[in-house]
$ cat start.txt   # compact mmCIF, C-alpha atoms
# COMPACT_ATOMS: atom_id res chain seq x y z
CA MET A 17 89.55 76.13 114.45
CA GLU A 18 92.67 78.09 113.68
CA LEU A 19 92.40 81.01 111.34
CA PRO A 20 92.97 79.62 107.85
CA GLU A 21 95.65 81.33 105.80
CA GLU A 22 93.19 82.18 103.06
CA LEU A 23 89.50 82.53 103.61
CA PRO A 24 87.07 82.97 100.75
CA GLN A 25 86.75 86.72 100.35
CA LEU A 26 83.68 88.80 99.61
CA TYR A 27 85.85 91.45 97.95
CA LYS A 28 89.34 91.56 96.55
CA ARG A 29 89.68 94.85 98.41
CA HIS A 30 87.58 96.78 100.87
CA ILE A 31 88.02 100.53 101.25
CA PHE A 32 86.90 102.43 104.33
CA ALA A 33 86.77 106.20 104.01
CA CYS A 34 86.23 108.49 106.97
CA ALA A 35 83.06 110.53 106.66
CA THR A 36 83.26 112.28 110.02
CA GLN A 37 82.19 115.89 109.76
CA ARG A 38 82.92 118.27 112.61
CA PRO A 39 82.28 122.00 112.47
CA PRO A 40 85.04 123.89 110.60
CA MET A 41 86.57 125.42 113.73
CA HIS A 42 86.41 122.26 115.85
CA PRO A 43 89.81 121.81 117.57
CA ARG A 44 90.14 118.14 116.58
CA GLY A 45 89.50 118.84 112.93
CA SER A 46 87.82 116.15 110.84
CA CYS A 47 88.12 114.46 107.47
CA GLY A 48 84.89 116.21 106.48
CA ALA A 49 86.26 119.61 107.38
CA SER A 50 89.38 118.75 105.33
CA GLY A 51 87.29 118.28 102.21
CA ALA A 52 86.68 114.53 102.27
CA GLN A 53 83.13 114.39 101.03
CA PRO A 54 83.55 115.27 97.32
CA LEU A 55 86.61 112.99 97.20
CA TRP A 56 84.69 109.96 98.47
CA GLU A 57 81.82 110.76 96.16
CA LYS A 58 84.22 110.74 93.25
CA LEU A 59 85.88 107.52 94.37
CA GLY A 60 82.55 105.72 94.77
CA LYS A 61 81.49 106.84 91.32
CA LYS A 62 84.78 105.77 89.73
CA ILE A 63 84.58 102.32 91.30
CA GLU A 64 81.10 101.89 89.94
CA GLU A 65 81.65 103.36 86.50
CA GLY A 66 85.08 101.76 86.17
CA GLY A 67 83.52 98.32 86.58
CA LEU A 68 85.26 97.51 89.86
CA SER A 69 82.15 97.17 92.05
CA ALA A 70 82.40 93.39 92.08
CA ASP A 71 85.99 93.49 93.32
CA VAL A 72 86.10 96.52 95.53
CA GLY A 73 83.90 97.20 98.54
CA PHE A 74 83.57 100.86 99.47
CA THR A 75 82.20 101.84 102.88
CA LEU A 76 81.97 105.18 104.60
CA ALA A 77 83.26 104.98 108.14
CA GLY A 78 83.19 106.87 111.39
CA CYS A 79 86.24 108.43 112.96
CA MET A 80 89.39 106.30 112.66
CA GLY A 81 91.48 108.64 114.78
CA PHE A 82 94.32 110.75 113.33
CA CYS A 83 91.85 113.50 112.53
CA SER A 84 94.52 116.05 111.70
CA ALA A 85 95.89 113.75 108.97
CA GLY A 86 92.65 113.61 107.00
CA PRO A 87 91.03 113.07 104.59
CA LEU A 88 91.83 109.46 105.48
CA MET A 89 91.01 106.21 103.77
CA VAL A 90 92.36 102.71 104.33
CA ILE A 91 92.42 99.79 101.93
CA TYR A 92 92.29 96.22 103.24
CA PRO A 93 93.57 93.54 103.23
CA GLU A 94 96.76 95.48 102.44
CA GLY A 95 96.28 97.92 105.30
CA VAL A 96 97.44 100.87 103.22
CA TRP A 97 96.35 104.31 104.43
CA TYR A 98 95.99 107.13 101.93
CA ARG A 99 95.50 110.85 102.32
CA PRO A 100 94.08 112.21 99.08
CA GLN A 101 93.70 115.96 99.06
CA LYS A 102 92.33 116.75 95.63
CA GLU A 103 90.32 115.03 92.94
CA GLU A 104 93.43 114.15 90.95
CA ASP A 105 94.66 112.16 93.94
CA ILE A 106 91.54 110.02 93.71
CA ASP A 107 92.33 109.36 90.05
CA THR A 108 95.84 108.33 91.03
CA ILE A 109 94.72 105.94 93.78
CA PHE A 110 92.11 104.46 91.49
CA GLU A 111 94.44 103.91 88.54
CA SER A 112 97.45 102.84 90.52
CA HIS A 113 96.25 100.85 93.51
CA LEU A 114 92.80 99.66 92.50
CA LYS A 115 93.32 99.02 88.79
CA ASN A 116 97.02 98.19 88.59
CA ASP A 117 97.95 96.83 92.03
CA GLN A 118 100.65 99.44 92.42
CA LEU A 119 101.12 101.49 95.53
CA ALA A 120 100.31 105.18 95.00
CA GLU A 121 103.39 106.01 97.02
CA ASP A 122 103.12 109.77 97.12
CA LEU A 123 99.69 109.60 98.71
CA VAL A 124 100.45 106.99 101.36
CA VAL A 125 100.26 108.30 104.88
CA VAL A 126 102.22 106.50 107.58
CA LEU A 127 100.37 106.75 110.87
CA SER A 128 101.83 105.94 114.22
CA ARG A 129 100.62 106.03 117.77
CA MET B 8 106.03 100.48 93.05
CA GLU B 9 104.34 97.12 93.36
CA LEU B 10 102.35 96.38 96.44
CA PRO B 11 104.79 94.88 98.93
CA GLU B 12 103.78 91.55 100.44
CA GLU B 13 103.93 92.95 103.95
CA LEU B 14 103.52 96.58 104.77
CA PRO B 15 104.08 97.95 108.25
CA GLN B 16 100.66 97.81 109.89
CA LEU B 17 99.02 100.31 112.18
CA TYR B 18 96.99 97.53 113.80
CA LYS B 19 97.24 93.77 113.95
CA ARG B 20 93.52 93.77 113.21
CA HIS B 21 90.94 96.36 112.30
CA ILE B 22 87.28 95.75 112.99
CA PHE B 23 84.51 97.61 111.20
CA ALA B 24 81.05 97.32 112.69
CA CYS B 25 77.94 98.58 110.94
CA ALA B 26 76.18 101.29 112.90
CA THR B 27 73.43 102.00 110.37
CA GLN B 28 70.12 102.65 112.08
CA ARG B 29 66.94 102.66 110.04
CA PRO B 30 63.46 102.90 111.53
CA PRO B 31 62.22 99.55 112.91
CA MET B 32 59.72 98.93 110.10
CA HIS B 33 62.02 100.01 107.27
CA PRO B 34 61.81 97.39 104.48
CA ARG B 35 65.60 97.05 104.14
CA GLY B 36 66.14 96.47 107.83
CA SER B 37 69.40 97.63 109.38
CA CYS B 38 72.07 96.44 111.75
CA GLY B 39 70.83 99.02 114.24
CA ALA B 40 67.27 97.73 114.05
CA SER B 41 68.68 94.22 114.60
CA GLY B 42 70.18 95.26 117.92
CA ALA B 43 73.72 96.16 116.88
CA GLN B 44 74.34 99.15 119.11
CA PRO B 45 74.70 97.51 122.55
CA LEU B 46 76.82 94.77 120.97
CA TRP B 47 79.31 97.23 119.50
CA GLU B 48 79.38 99.15 122.74
CA LYS B 49 80.28 95.98 124.55
CA LEU B 50 82.93 95.03 122.01
CA GLY B 51 84.57 98.44 122.17
CA LYS B 52 84.66 98.27 125.93
CA LYS B 53 86.10 94.76 125.98
CA ILE B 54 88.87 95.72 123.54
CA GLU B 55 89.81 98.63 125.75
CA GLU B 56 89.50 96.90 129.10
CA GLY B 57 91.05 93.69 127.78
CA GLY B 58 94.20 95.58 126.84
CA LEU B 59 93.87 95.06 123.11
CA SER B 60 93.56 98.70 122.06
CA ALA B 61 97.12 98.80 120.77
CA ASP B 62 96.54 95.77 118.54
CA VAL B 63 92.95 96.11 117.46
CA GLY B 64 91.39 99.07 115.70
CA PHE B 65 87.63 99.37 116.11
CA THR B 66 85.64 101.65 113.82
CA LEU B 67 81.92 102.13 113.41
CA ALA B 68 80.95 102.03 109.77
CA GLY B 69 78.11 102.96 107.48
CA CYS B 70 76.05 100.43 105.58
CA MET B 71 78.08 97.54 104.17
CA GLY B 72 75.12 96.02 102.31
CA PHE B 73 73.55 92.70 103.36
CA CYS B 74 71.25 94.56 105.74
CA SER B 75 69.06 91.57 106.42
CA ALA B 76 72.08 89.60 107.68
CA GLY B 77 72.93 92.08 110.46
CA PRO B 78 74.27 92.91 112.96
CA LEU B 79 77.36 92.72 110.77
CA MET B 80 81.02 93.25 111.55
CA VAL B 81 84.10 92.43 109.52
CA ILE B 82 87.66 91.87 110.72
CA TYR B 83 90.61 92.70 108.48
CA PRO B 84 93.12 91.70 107.25
CA GLU B 85 91.47 88.28 107.52
CA GLY B 86 88.25 89.41 105.88
CA VAL B 87 86.08 87.43 108.29
CA TRP B 88 82.48 88.54 108.64
CA TYR B 89 80.63 87.88 111.86
CA ARG B 90 77.00 88.15 112.84
CA PRO B 91 76.78 88.34 116.61
CA GLN B 92 73.23 88.39 117.92
CA LYS B 93 73.64 88.54 121.68
CA GLU B 94 76.17 89.74 124.20
CA GLU B 95 77.59 86.25 124.70
CA ASP B 96 78.46 86.20 121.00
CA ILE B 97 80.65 89.26 121.55
CA ASP B 98 82.43 87.42 124.37
CA THR B 99 83.00 84.49 122.03
CA ILE B 100 84.41 86.61 119.19
CA PHE B 101 86.62 88.48 121.61
CA GLU B 102 88.03 85.39 123.33
CA SER B 103 88.32 83.25 120.26
CA HIS B 104 89.27 85.50 117.35
CA LEU B 105 90.82 88.55 118.99
CA LYS B 106 92.60 86.95 121.91
CA ASN B 107 93.38 83.46 120.66
CA ASP B 108 93.52 83.76 116.86
CA GLN B 109 90.87 81.10 116.46
CA LEU B 110 87.91 81.47 114.17
CA ALA B 111 84.60 81.77 116.05
CA GLU B 112 83.09 79.42 113.50
CA ASP B 113 79.51 79.40 114.68
CA LEU B 114 79.24 83.15 114.31
CA VAL B 115 80.82 83.48 110.89
CA VAL B 116 78.46 84.65 108.21
CA VAL B 117 79.24 83.80 104.61
CA LEU B 118 77.97 86.56 102.35
CA SER B 119 77.62 86.29 98.64
CA ARG B 120 76.44 88.53 95.87
$ encode --input "start.txt" --output "structure tokens"
Amino acid sequence: MELPEELPQLYKRHIFACATQRPPMHPRGSCGASGAQPLWEKLGKKIEEGGLSADVGFTLAGCMGFCSAGPLMVIYPEGVWYRPQKEEDIDTIFESHLKNDQLAEDLVVVLSR
Amino acid sequence: MELPEELPQLYKRHIFACATQRPPMHPRGSCGASGAQPLWEKLGKKIEEGGLSADVGFTLAGCMGFCSAGPLMVIYPEGVWYRPQKEEDIDTIFESHLKNDQLAEDLVVVLSR
């Protein structure tokens, strides 16, 4: 069976946020060492308290590569990668992308291999 | 800026596979306790050896809920959830979905909340 254009979806959006924590001086760096943890905690709380839990899945993930570009999160199905660096950035992504379907342009990170 | 219909994508597909491991008798169960680990190892290896690494991202993830339905993996942007239970199922998902863009129907799991 070919892949249908539109399959019934469990979530409108599914966010994966890197929770990899390497020691501070590790040469690869890590999202954890770049301050990811309090950001993801805030995002999870906002999704819940903002009433978006039914629409938005939020999953902590292992290393997605690009460690020096962290903290990294990706939102599917859009495939948009964000690099929030402070709590206000989480507010922006939440309000703009999750609540209003608008790209939070300034926080988008374009990754290439 | 509104979300564009098509953004440049880092991967053609991105797979997230639950790597949560709870003790065998834990009441919630876990993908790990359901035998996930060797399956994900095989899938990662097949993606690499099958020459799909440039197209397919593969990330281990934390708990995605639905623990009793594991081992669970989801493929975006399609949003298709699979529940492989043996190594042959990984071969099927790889050949069908990843290589030939065909749904591996028998292994799809429909989750609802």
$ residues_around --input "start.txt" --residues "A:Glu21" --least-positions-apart "6" --cutoff "12 Å" --atoms "all atoms listed in the file" --output "list in words"
Pro84, Glu85, Gly86, Val87, Asp108, Gln109 and Leu110 of chain B
$ interface_residues --input "start.txt" --of "chain B" --to "chain A" --cutoff "8 Å" --atoms "all atoms listed in the file" --output "NGL selection string"
:B and (8-10 or 13-14 or 16-17 or 65-71 or 83-87 or 108-112 or 118-119)
$ write_last_selection --input "start.txt" --atoms "C-alpha atoms" --output "PDB file, in the frame of the given file"
ATOM      1  CA  MET B   8     106.030 100.480  93.050  1.00  0.00           C
ATOM      2  CA  GLU B   9     104.340  97.120  93.360  1.00  0.00           C
ATOM      3  CA  LEU B  10     102.350  96.380  96.440  1.00  0.00           C
ATOM      4  CA  GLU B  13     103.930  92.950 103.950  1.00  0.00           C
ATOM      5  CA  LEU B  14     103.520  96.580 104.770  1.00  0.00           C
ATOM      6  CA  GLN B  16     100.660  97.810 109.890  1.00  0.00           C
ATOM      7  CA  LEU B  17      99.020 100.310 112.180  1.00  0.00           C
ATOM      8  CA  PHE B  65      87.630  99.370 116.110  1.00  0.00           C
ATOM      9  CA  THR B  66      85.640 101.650 113.820  1.00  0.00           C
ATOM     10  CA  LEU B  67      81.920 102.130 113.410  1.00  0.00           C
ATOM     11  CA  ALA B  68      80.950 102.030 109.770  1.00  0.00           C
ATOM     12  CA  GLY B  69      78.110 102.960 107.480  1.00  0.00           C
ATOM     13  CA  CYS B  70      76.050 100.430 105.580  1.00  0.00           C
ATOM     14  CA  MET B  71      78.080  97.540 104.170  1.00  0.00           C
ATOM     15  CA  TYR B  83      90.610  92.700 108.480  1.00  0.00           C
ATOM     16  CA  PRO B  84      93.120  91.700 107.250  1.00  0.00           C
ATOM     17  CA  GLU B  85      91.470  88.280 107.520  1.00  0.00           C
ATOM     18  CA  GLY B  86      88.250  89.410 105.880  1.00  0.00           C
ATOM     19  CA  VAL B  87      86.080  87.430 108.290  1.00  0.00           C
ATOM     20  CA  ASP B 108      93.520  83.760 116.860  1.00  0.00           C
ATOM     21  CA  GLN B 109      90.870  81.100 116.460  1.00  0.00           C
ATOM     22  CA  LEU B 110      87.910  81.470 114.170  1.00  0.00           C
ATOM     23  CA  ALA B 111      84.600  81.770 116.050  1.00  0.00           C
ATOM     24  CA  GLU B 112      83.090  79.420 113.500  1.00  0.00           C
ATOM     25  CA  LEU B 118      77.970  86.560 102.350  1.00  0.00           C
ATOM     26  CA  SER B 119      77.620  86.290  98.640  1.00  0.00           C
TER      27      SER B 119
END
$ atom_distance --input "start.txt" --atom1 "atom CA of A:Phe82" --atom2 "atom CA of A:Ser46"
8.8 Å
$ closest_residue --input "start.txt" --among "A:Lys115, A:Phe110, A:Tyr98, A:Pro87" --to "A:Leu55" --atoms "all atoms listed in the file"
A:Pro87
$ residues_around --input "start.txt" --residues "B:Lys49" --least-positions-apart "3" --cutoff "12 Å" --atoms "only C-alpha atoms" --output "ChimeraX atom specification"
/B:24,43-46,52-57,65,91,93-98,100-101
$ atom_distance --input "start.txt" --atom1 "atom CA of A:Pro39" --atom2 "atom CA of A:Val125"
23.8 Å
$ build_atoms --input "start.txt" --residues "stretch 83-94 of chain A" --atoms "all heavy atoms" --output "short mmCIF file (atom, residue, chain, number, x, y, z; two decimals), keeping the file's coordinate frame"
data_model
loop_
_atom_site.label_atom_id
_atom_site.label_comp_id
_atom_site.auth_asym_id
_atom_site.auth_seq_id
_atom_site.Cartn_x
_atom_site.Cartn_y
_atom_site.Cartn_z
N CYS A 83 92.73 112.54 113.20
CA CYS A 83 91.85 113.50 112.53
C CYS A 83 92.63 114.59 111.80
O CYS A 83 92.19 115.09 110.77
CB CYS A 83 90.90 114.13 113.53
SG CYS A 83 89.97 112.87 114.45
N SER A 84 93.79 114.95 112.33
CA SER A 84 94.52 116.05 111.70
C SER A 84 95.23 115.59 110.42
O SER A 84 95.75 116.40 109.68
CB SER A 84 95.54 116.63 112.67
OG SER A 84 96.46 115.63 113.03
N ALA A 85 95.23 114.28 110.18
CA ALA A 85 95.89 113.75 108.97
C ALA A 85 94.92 113.52 107.82
O ALA A 85 95.30 112.99 106.79
CB ALA A 85 96.62 112.45 109.30
N GLY A 86 93.66 113.89 108.00
CA GLY A 86 92.65 113.61 107.00
C GLY A 86 92.75 114.50 105.78
O GLY A 86 93.51 115.47 105.78
N PRO A 87 91.99 114.18 104.74
CA PRO A 87 91.03 113.07 104.59
C PRO A 87 91.73 111.71 104.55
O PRO A 87 92.68 111.52 103.80
CB PRO A 87 90.37 113.34 103.24
CG PRO A 87 90.67 114.77 102.89
CD PRO A 87 91.97 115.07 103.57
N LEU A 88 91.20 110.78 105.34
CA LEU A 88 91.83 109.46 105.48
C LEU A 88 90.98 108.33 104.91
O LEU A 88 89.79 108.25 105.17
CB LEU A 88 92.06 109.15 106.95
CG LEU A 88 93.32 109.69 107.61
CD1 LEU A 88 93.38 109.20 109.05
CD2 LEU A 88 94.56 109.24 106.85
N MET A 89 91.66 107.45 104.21
CA MET A 89 91.01 106.21 103.77
C MET A 89 92.00 105.07 103.95
O MET A 89 93.22 105.28 103.93
CB MET A 89 90.55 106.30 102.32
CG MET A 89 91.64 106.69 101.32
SD MET A 89 91.08 106.69 99.59
CE MET A 89 91.37 104.95 99.16
N VAL A 90 91.48 103.87 104.17
CA VAL A 90 92.36 102.71 104.33
C VAL A 90 91.85 101.60 103.42
O VAL A 90 90.64 101.44 103.23
CB VAL A 90 92.42 102.26 105.81
CG1 VAL A 90 91.06 101.89 106.38
CG2 VAL A 90 93.40 101.09 106.01
N ILE A 91 92.78 100.89 102.82
CA ILE A 91 92.42 99.79 101.93
C ILE A 91 92.89 98.47 102.54
O ILE A 91 94.07 98.32 102.84
CB ILE A 91 93.06 99.94 100.53
CG1 ILE A 91 92.70 101.31 99.92
CG2 ILE A 91 92.62 98.80 99.61
CD1 ILE A 91 93.22 101.52 98.50
N TYR A 92 91.94 97.56 102.76
CA TYR A 92 92.29 96.22 103.24
C TYR A 92 92.07 95.23 102.13
O TYR A 92 91.25 95.47 101.26
CB TYR A 92 91.42 95.86 104.47
CG TYR A 92 91.92 96.55 105.72
CD1 TYR A 92 91.27 97.67 106.23
CD2 TYR A 92 93.08 96.11 106.35
CE1 TYR A 92 91.77 98.32 107.36
CE2 TYR A 92 93.57 96.75 107.48
CZ TYR A 92 92.91 97.85 107.98
OH TYR A 92 93.41 98.48 109.08
N PRO A 93 92.76 94.07 102.15
CA PRO A 93 93.57 93.54 103.23
C PRO A 93 94.97 94.12 103.33
O PRO A 93 95.70 93.79 104.26
CB PRO A 93 93.66 92.04 102.88
CG PRO A 93 93.61 92.00 101.40
CD PRO A 93 92.67 93.10 101.02
N GLU A 94 95.37 94.99 102.41
CA GLU A 94 96.76 95.48 102.44
C GLU A 94 97.06 96.32 103.67
O GLU A 94 98.21 96.41 104.09
CB GLU A 94 97.06 96.32 101.19
CG GLU A 94 96.92 95.58 99.89
CD GLU A 94 95.54 95.79 99.29
OE1 GLU A 94 94.54 95.70 100.04
OE2 GLU A 94 95.45 96.06 98.09
#
